[in-house]
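Peer 1: Below you'll find the structure I mean.
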Amino acid sequence: MEVESDERRFLFLQGPHGWFFNRLGTALRAAGAQVWRVGFNRGDALFWRDKASYIPFTQAQDAWPQRFRDLIAEHQITDIALYGDVRAIHAKAIAIARALGLTVHVFEEGYLRPYWITYERDGANGNSRLMDIDLPEMRKALEKYDLELPDPPAHWGDMRQHIFYGALYHFFVLAFNRQYRSFRPHRDLTVSQEFHLYLKRLGLMPFHSLERRIASWRVRNGGFPYHLVLLQLDHDSSFRAHSPFSSQAQFLEKVFAGFARGAPQHHHLVIKAHPLEDGRAPLRQTIRTLTLQHGLGGRVHFLRGGKLAQLLNHARSAVTVNSTAAQQVLWRGMPLRVFGRSVYDKPEFVSKQPLRKFFARPDRPDARAYRDYRHFLLETSQVPGGYYSLGGRRQLMRHLVDMMLAPDDPYTALILGDATPRQQLRVVR
């Protein structure tokens with residue numbers, strides 16, 4: 001049974017750094033819902049303006065499940081909202097919420113980033129409902145809608161805002177967290193280490209940008225065929241939870257071995273770091289060591305992040321664990337090999353060849369199949385906008401409140417024919 005918006009009672013847990021959850025809570029209240037926010041540190045408190053609805057959690061971490069149950073009962077919660085479904089506090093909350101019949105709203109970075117964010121119910125990435133929806137079912141759901149695929153905005157960049165809010169968040173946790181003495185971050189590094197890495201990255205951005213431009217120019221103008229390796233962050237939630245590797249170094253060992261055995265001798269390997277790579281993993285040293293071990297001197301190139309499009313224009317293929325950047329590879333009709341659980345790992349367009357054979361003669365994807373898959377995503381879980389910029393958040397609010405108050409998740413709504421086809425929205429500045 002559908003619950004009216006004025007009967008919906010939301011409990012927000014942790015969200016993206018910055019003002020997105022605050023803005024979303026305000027929008028839900030305007031629609032008649034009630035909203036509370038649980039904060040686990042001073043950074044969470046910083047980005048929630050309505051202090052009357054802010055609930056600090058200051059107990060030890062093992063007290064969280066019972067405290068969560070108490071909050072549900074005390075406020076008669078009907079829905080929970082969170083960013084990332086695998087960090088420990090969220091995974092425990094989701095299990096309890098499901099058992100109690102609550103609606104679980106999960107946000108993630110866009111599967112088709114950077115121009116969209118992801119909104120799903122119950123789980124994301126390897127826990128997404130997309131893992132169980134095959135291409136024929138997607139095509140059947142799309143038959144009733146005769147729409148063109150929306151183009152991405154001409155410009156949408158909030159990477160600097162992302163890094164800035166991350167640094168500010170960790171600074172407040174580091175400097176003003178006395179009330180939350182039992183707080184433990186969901187990553188391996190301490191808050192102090194996280195803050196200093198963000199600060200260092202902000203300071204070095206101009207130098208890294210110059211280095212990246214030079215390295216990219218050398219690859220684009222080198223005149224050699226190359227294969228692209230898309231790295232992720234070792235602490236990335238999707239990599240950690242849905243990957244057979246414990247580090248990018250393990251993944252690189254497998255890639256180098258396959259490339260050395262299978263790729264033609266005049267082909268090169270271009271390794272692209274994640275845009276938010278901050279140096280906590282010794283990637284350069286790992287790459288140097290593997291290059292020597294496999295006799296690939298002069299054929300391996302490392303790029304410190306940067307834009308992917310120009311590199312893809314000339315690449316022969318790409319490999320990754322389960323990076324969302326692989327969607328850009330498939331959109332261009334390029335061969336792709338993946339190793340982790342990912343929402344785009346469909347047999348119609350992702351190769352299952354052994355790496356040696358893939359680098360020698362990769363199977364090409366079914367471009368028509370991927371186009372249908374992408375269309376399905378854009379009509380369901382991919383919402384135009386961004387978490388970190390003002391314009392991006394404004395764009396998200398045009399869709400998200402109605403999607404969250406709808407009785408069905410985005411995939412079910414489209415499959416049942418109850419979804420309103422989404423029209424392209426242009427960036428508002």
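Just remember, in the structure tokens the first chain shown is A, the second B, etc., residues are 1-based per chain, and ligands are 1-based in the order shown.
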If DSSP is run on the backbone, what residues of region 259-325 of chain A are strand (DSSP E)? A reply as a ChimeraX atom specification would be ideal.
Peer 2: /A:268-272,300-303,317-320
Peer 1: Ile415 (chain A): which residues within 9 Å, counting only C-alpha atoms, same-chain residues fewer than 5 positions away excluded, as a PyMOL selection string?
Peer 2: chain A and resi 137-138+140-142+410
Peer 1: With distances taken over only C-alpha atoms, which of A:Leu168, A:Ala31, A:Ala326, A:Met404 is nearest to Ala81 (chain A)?
Peer 2: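 Of all the options, A:Met404 lies closest to Ala81 (chain A).
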Peer 1: Contacts of Lys346 (chain A) at 12 Å or less, counting only C-alpha atoms, minus same-chain residues fewer than 6 places along, as a CSV table (one decimal) with all heavy atoms, in the first residue's frame?
Peer 2:
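This went into out-v7.csv:
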```csv
chain,number,residue,atom,x,y,z
A,130,LEU,N,20.0,-4.4,-10.6
A,130,LEU,CA,20.5,-4.5,-12.0
A,130,LEU,C,21.2,-5.9,-12.3
A,130,LEU,O,21.2,-6.4,-13.4
A,130,LEU,CB,21.4,-3.4,-12.4
A,130,LEU,CG,20.8,-2.0,-12.7
A,130,LEU,CD1,21.9,-1.0,-12.9
A,130,LEU,CD2,20.0,-2.1,-14.0
A,131,MET,N,21.8,-6.4,-11.2
A,131,MET,CA,22.5,-7.7,-11.3
A,131,MET,C,21.6,-8.8,-11.8
A,131,MET,O,22.0,-9.8,-12.4
A,131,MET,CB,23.2,-8.0,-10.0
A,131,MET,CG,24.2,-7.0,-9.5
A,131,MET,SD,25.6,-6.7,-10.6
A,131,MET,CE,26.4,-8.2,-10.5
A,132,ASP,N,20.3,-8.7,-11.5
A,132,ASP,CA,19.3,-9.7,-11.7
A,132,ASP,C,18.4,-9.4,-12.9
A,132,ASP,O,17.5,-10.2,-13.2
A,132,ASP,CB,18.5,-10.1,-10.5
A,132,ASP,CG,19.4,-10.5,-9.3
A,132,ASP,OD1,20.3,-11.3,-9.5
A,132,ASP,OD2,19.2,-10.0,-8.2
A,133,ILE,N,18.6,-8.3,-13.5
A,133,ILE,CA,17.7,-7.9,-14.7
A,133,ILE,C,18.5,-8.1,-16.0
A,133,ILE,O,19.5,-7.5,-16.2
A,133,ILE,CB,17.3,-6.4,-14.6
A,133,ILE,CG1,16.6,-6.2,-13.2
A,133,ILE,CG2,16.3,-6.1,-15.7
A,133,ILE,CD1,16.2,-4.7,-13.0
A,134,ASP,N,18.0,-9.0,-16.8
A,134,ASP,CA,18.8,-9.3,-18.0
A,134,ASP,C,18.3,-8.4,-19.1
A,134,ASP,O,17.3,-7.6,-19.0
A,134,ASP,CB,18.6,-10.8,-18.4
A,134,ASP,CG,17.2,-11.2,-18.7
A,134,ASP,OD1,16.3,-10.3,-19.0
A,134,ASP,OD2,16.9,-12.4,-18.6
A,135,LEU,N,19.1,-8.4,-20.2
A,135,LEU,CA,18.8,-7.5,-21.3
A,135,LEU,C,17.4,-7.6,-22.0
A,135,LEU,O,16.8,-6.6,-22.3
A,135,LEU,CB,19.9,-7.6,-22.4
A,135,LEU,CG,20.1,-6.4,-23.3
A,135,LEU,CD1,20.4,-5.1,-22.5
A,135,LEU,CD2,21.1,-6.7,-24.4
A,136,PRO,N,17.0,-8.9,-22.2
A,136,PRO,CA,15.6,-9.0,-22.8
A,136,PRO,C,14.5,-8.3,-21.9
A,136,PRO,O,13.6,-7.7,-22.5
A,136,PRO,CB,15.4,-10.5,-22.8
A,136,PRO,CG,16.8,-11.1,-23.0
A,136,PRO,CD,17.6,-10.2,-22.2
A,138,MET,N,15.0,-5.7,-19.9
A,138,MET,CA,15.2,-4.3,-20.1
A,138,MET,C,14.6,-3.8,-21.4
A,138,MET,O,13.9,-2.8,-21.5
A,138,MET,CB,16.7,-3.9,-20.1
A,138,MET,CG,17.4,-4.2,-18.8
A,138,MET,SD,19.1,-3.7,-18.9
A,138,MET,CE,19.7,-4.2,-17.2
A,327,GLN,N,31.8,2.2,-18.4
A,327,GLN,CA,30.6,2.5,-19.2
A,327,GLN,C,31.0,3.3,-20.4
A,327,GLN,O,30.4,3.2,-21.5
A,327,GLN,CB,29.6,3.2,-18.3
A,327,GLN,CG,29.1,2.4,-17.1
A,327,GLN,CD,27.9,1.6,-17.4
A,327,GLN,OE1,27.4,1.5,-18.5
A,327,GLN,NE2,27.3,1.1,-16.3
A,330,LEU,N,32.3,1.0,-23.1
A,330,LEU,CA,31.3,0.4,-23.9
A,330,LEU,C,30.5,1.3,-24.8
A,330,LEU,O,30.0,0.9,-25.9
A,330,LEU,CB,30.3,-0.3,-22.9
A,330,LEU,CG,31.0,-1.5,-22.1
A,330,LEU,CD1,30.0,-1.9,-20.9
A,330,LEU,CD2,31.3,-2.7,-23.0
A,336,LEU,N,36.0,-4.8,-23.8
A,336,LEU,CA,36.2,-4.6,-22.4
A,336,LEU,C,36.3,-5.9,-21.6
A,336,LEU,O,35.5,-6.8,-21.9
A,336,LEU,CB,35.0,-3.8,-21.8
A,336,LEU,CG,34.9,-3.6,-20.3
A,336,LEU,CD1,36.1,-2.6,-19.8
A,336,LEU,CD2,33.6,-3.0,-19.8
A,337,ARG,N,37.2,-5.9,-20.7
A,337,ARG,CA,37.4,-7.1,-19.8
A,337,ARG,C,37.3,-6.7,-18.4
A,337,ARG,O,38.0,-5.7,-18.0
A,337,ARG,CB,38.7,-7.8,-20.1
A,337,ARG,CG,38.9,-9.1,-19.3
A,337,ARG,CD,38.1,-10.2,-19.7
A,337,ARG,NE,38.5,-11.5,-19.2
A,337,ARG,CZ,38.1,-12.0,-18.0
A,337,ARG,NH1,37.3,-11.3,-17.2
A,337,ARG,NH2,38.6,-13.1,-17.6
A,338,VAL,N,36.4,-7.3,-17.6
A,338,VAL,CA,36.3,-6.9,-16.1
A,338,VAL,C,36.5,-8.1,-15.3
A,338,VAL,O,36.4,-9.3,-15.7
A,338,VAL,CB,34.9,-6.3,-15.9
A,338,VAL,CG1,34.6,-5.1,-16.7
A,338,VAL,CG2,33.8,-7.3,-16.1
A,352,LYS,N,34.6,-12.3,-21.9
A,352,LYS,CA,34.9,-13.3,-20.9
A,352,LYS,C,36.2,-14.1,-21.3
A,352,LYS,O,36.6,-15.1,-20.7
A,352,LYS,CB,33.8,-14.3,-20.8
A,352,LYS,CG,32.5,-13.7,-20.2
A,352,LYS,CD,32.7,-13.0,-18.9
A,352,LYS,CE,31.4,-12.4,-18.4
A,352,LYS,NZ,31.6,-11.7,-17.1
A,365,PRO,N,32.1,-5.7,-28.3
A,365,PRO,CA,30.8,-5.8,-27.7
A,365,PRO,C,29.7,-5.6,-28.7
A,365,PRO,O,29.9,-5.1,-29.8
A,365,PRO,CB,30.8,-4.6,-26.7
A,365,PRO,CG,31.8,-3.6,-27.3
A,365,PRO,CD,32.8,-4.4,-28.0
A,366,ASP,N,28.5,-6.0,-28.3
A,366,ASP,CA,27.3,-5.8,-29.1
A,366,ASP,C,26.9,-4.3,-28.8
A,366,ASP,O,26.2,-4.1,-27.8
A,366,ASP,CB,26.2,-6.8,-28.7
A,366,ASP,CG,25.0,-6.6,-29.5
A,366,ASP,OD1,24.7,-5.5,-30.1
A,366,ASP,OD2,24.2,-7.6,-29.6
A,369,ALA,N,23.2,-3.7,-28.1
A,369,ALA,CA,22.8,-4.2,-26.8
A,369,ALA,C,23.1,-3.2,-25.7
A,369,ALA,O,22.3,-2.9,-24.8
A,369,ALA,CB,23.4,-5.6,-26.5
A,370,TYR,N,24.4,-2.7,-25.8
A,370,TYR,CA,24.8,-1.7,-24.8
A,370,TYR,C,23.9,-0.5,-24.9
A,370,TYR,O,23.6,0.2,-23.8
A,370,TYR,CB,26.2,-1.4,-24.9
A,370,TYR,CG,26.6,-0.4,-23.8
A,370,TYR,CD1,26.7,-0.7,-22.5
A,370,TYR,CD2,26.8,1.0,-24.1
A,370,TYR,CE1,27.0,0.2,-21.5
A,370,TYR,CE2,27.1,1.9,-23.1
A,370,TYR,CZ,27.2,1.5,-21.8
A,370,TYR,OH,27.4,2.4,-20.8
A,372,ASP,N,20.8,-0.2,-25.6
A,372,ASP,CA,19.5,-0.5,-24.9
A,372,ASP,C,19.7,-0.5,-23.4
A,372,ASP,O,18.9,0.0,-22.6
A,372,ASP,CB,19.0,-1.8,-25.4
A,372,ASP,CG,18.5,-1.8,-26.8
A,372,ASP,OD1,18.3,-0.7,-27.4
A,372,ASP,OD2,18.5,-2.9,-27.5
A,373,TYR,N,20.8,-1.1,-23.0
A,373,TYR,CA,21.1,-1.1,-21.5
A,373,TYR,C,21.3,0.3,-21.0
A,373,TYR,O,20.7,0.6,-19.9
A,373,TYR,CB,22.4,-1.9,-21.3
A,373,TYR,CG,23.0,-1.8,-19.9
A,373,TYR,CD1,22.6,-2.6,-18.9
A,373,TYR,CD2,24.1,-0.9,-19.7
A,373,TYR,CE1,23.1,-2.4,-17.6
A,373,TYR,CE2,24.6,-0.7,-18.4
A,373,TYR,CZ,24.2,-1.5,-17.4
A,373,TYR,OH,24.7,-1.4,-16.1
A,374,ARG,N,22.0,1.1,-21.7
A,374,ARG,CA,22.2,2.5,-21.3
A,374,ARG,C,20.9,3.3,-21.2
A,374,ARG,O,20.7,4.0,-20.3
A,374,ARG,CB,23.2,3.2,-22.2
A,374,ARG,CG,23.6,4.6,-21.8
A,374,ARG,CD,24.6,5.1,-22.9
A,374,ARG,NE,24.9,6.5,-22.7
A,374,ARG,CZ,25.9,7.0,-21.9
A,374,ARG,NH1,26.7,6.2,-21.3
A,374,ARG,NH2,26.1,8.3,-21.8
```
Peer 1: For Pro244 (chain A), please output as a PDB file with N, CA, C and O atoms, in the first residue's frame all residues within 9 Å (counting only C-alpha atoms; exclusion window: fewer than 3 positions along the same chain).
Peer 2:
```pdb
ATOM      1  N   PHE A 239      35.064  -1.714  -5.123  1.00  0.00           N
ATOM      2  CA  PHE A 239      36.250  -2.539  -5.307  1.00  0.00           C
ATOM      3  C   PHE A 239      36.432  -3.495  -4.127  1.00  0.00           C
ATOM      4  O   PHE A 239      36.688  -4.684  -4.304  1.00  0.00           O
ATOM      5  N   ARG A 240      36.275  -2.996  -2.929  1.00  0.00           N
ATOM      6  CA  ARG A 240      36.509  -3.811  -1.736  1.00  0.00           C
ATOM      7  C   ARG A 240      35.442  -4.888  -1.553  1.00  0.00           C
ATOM      8  O   ARG A 240      35.735  -6.009  -1.121  1.00  0.00           O
ATOM      9  N   ALA A 241      34.206  -4.549  -1.857  1.00  0.00           N
ATOM     10  CA  ALA A 241      33.108  -5.473  -1.566  1.00  0.00           C
ATOM     11  C   ALA A 241      32.806  -6.428  -2.715  1.00  0.00           C
ATOM     12  O   ALA A 241      32.262  -7.508  -2.490  1.00  0.00           O
ATOM     13  N   PHE A 251      45.624  -6.647  -8.823  1.00  0.00           N
ATOM     14  CA  PHE A 251      44.994  -6.549 -10.136  1.00  0.00           C
ATOM     15  C   PHE A 251      46.037  -6.265 -11.218  1.00  0.00           C
ATOM     16  O   PHE A 251      46.033  -6.901 -12.286  1.00  0.00           O
ATOM     17  N   VAL A 321      38.666  -3.671 -12.935  1.00  0.00           N
ATOM     18  CA  VAL A 321      38.024  -4.593 -11.992  1.00  0.00           C
ATOM     19  C   VAL A 321      36.511  -4.414 -12.107  1.00  0.00           C
ATOM     20  O   VAL A 321      35.803  -5.283 -12.597  1.00  0.00           O
ATOM     21  N   PHE A 339      36.784  -7.881 -13.964  1.00  0.00           N
ATOM     22  CA  PHE A 339      37.132  -8.969 -13.051  1.00  0.00           C
ATOM     23  C   PHE A 339      36.292  -8.983 -11.775  1.00  0.00           C
ATOM     24  O   PHE A 339      36.375  -9.937 -11.003  1.00  0.00           O
ATOM     25  N   GLY A 340      35.511  -7.940 -11.527  1.00  0.00           N
ATOM     26  CA  GLY A 340      34.685  -7.907 -10.335  1.00  0.00           C
ATOM     27  C   GLY A 340      33.211  -7.882 -10.696  1.00  0.00           C
ATOM     28  O   GLY A 340      32.833  -7.815 -11.874  1.00  0.00           O
ATOM     29  N   ARG A 341      32.357  -7.962  -9.690  1.00  0.00           N
ATOM     30  CA  ARG A 341      30.921  -7.839  -9.904  1.00  0.00           C
ATOM     31  C   ARG A 341      30.593  -6.397 -10.260  1.00  0.00           C
ATOM     32  O   ARG A 341      31.014  -5.467  -9.570  1.00  0.00           O
TER      33      ARG A 341
END
```
Peer 1: Given the choices A:Arg69, A:Arg394, A:Arg284, A:Lys254, which gets closest to Arg356 (chain A) if the distance is worked out from only C-alpha atoms?
Peer 2: A:Lys254
Peer 1: With only C-alpha atoms as the basis for distance, which of A:Gly391, A:Gly25, A:Gly15, A:Gly222 is at the shortest distance from Val106 (chain A)?
Peer 2: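 Of A:Gly391, A:Gly25, A:Gly15, A:Gly222, the one nearest Val106 (chain A), counting only C-alpha atoms, is A:Gly15.
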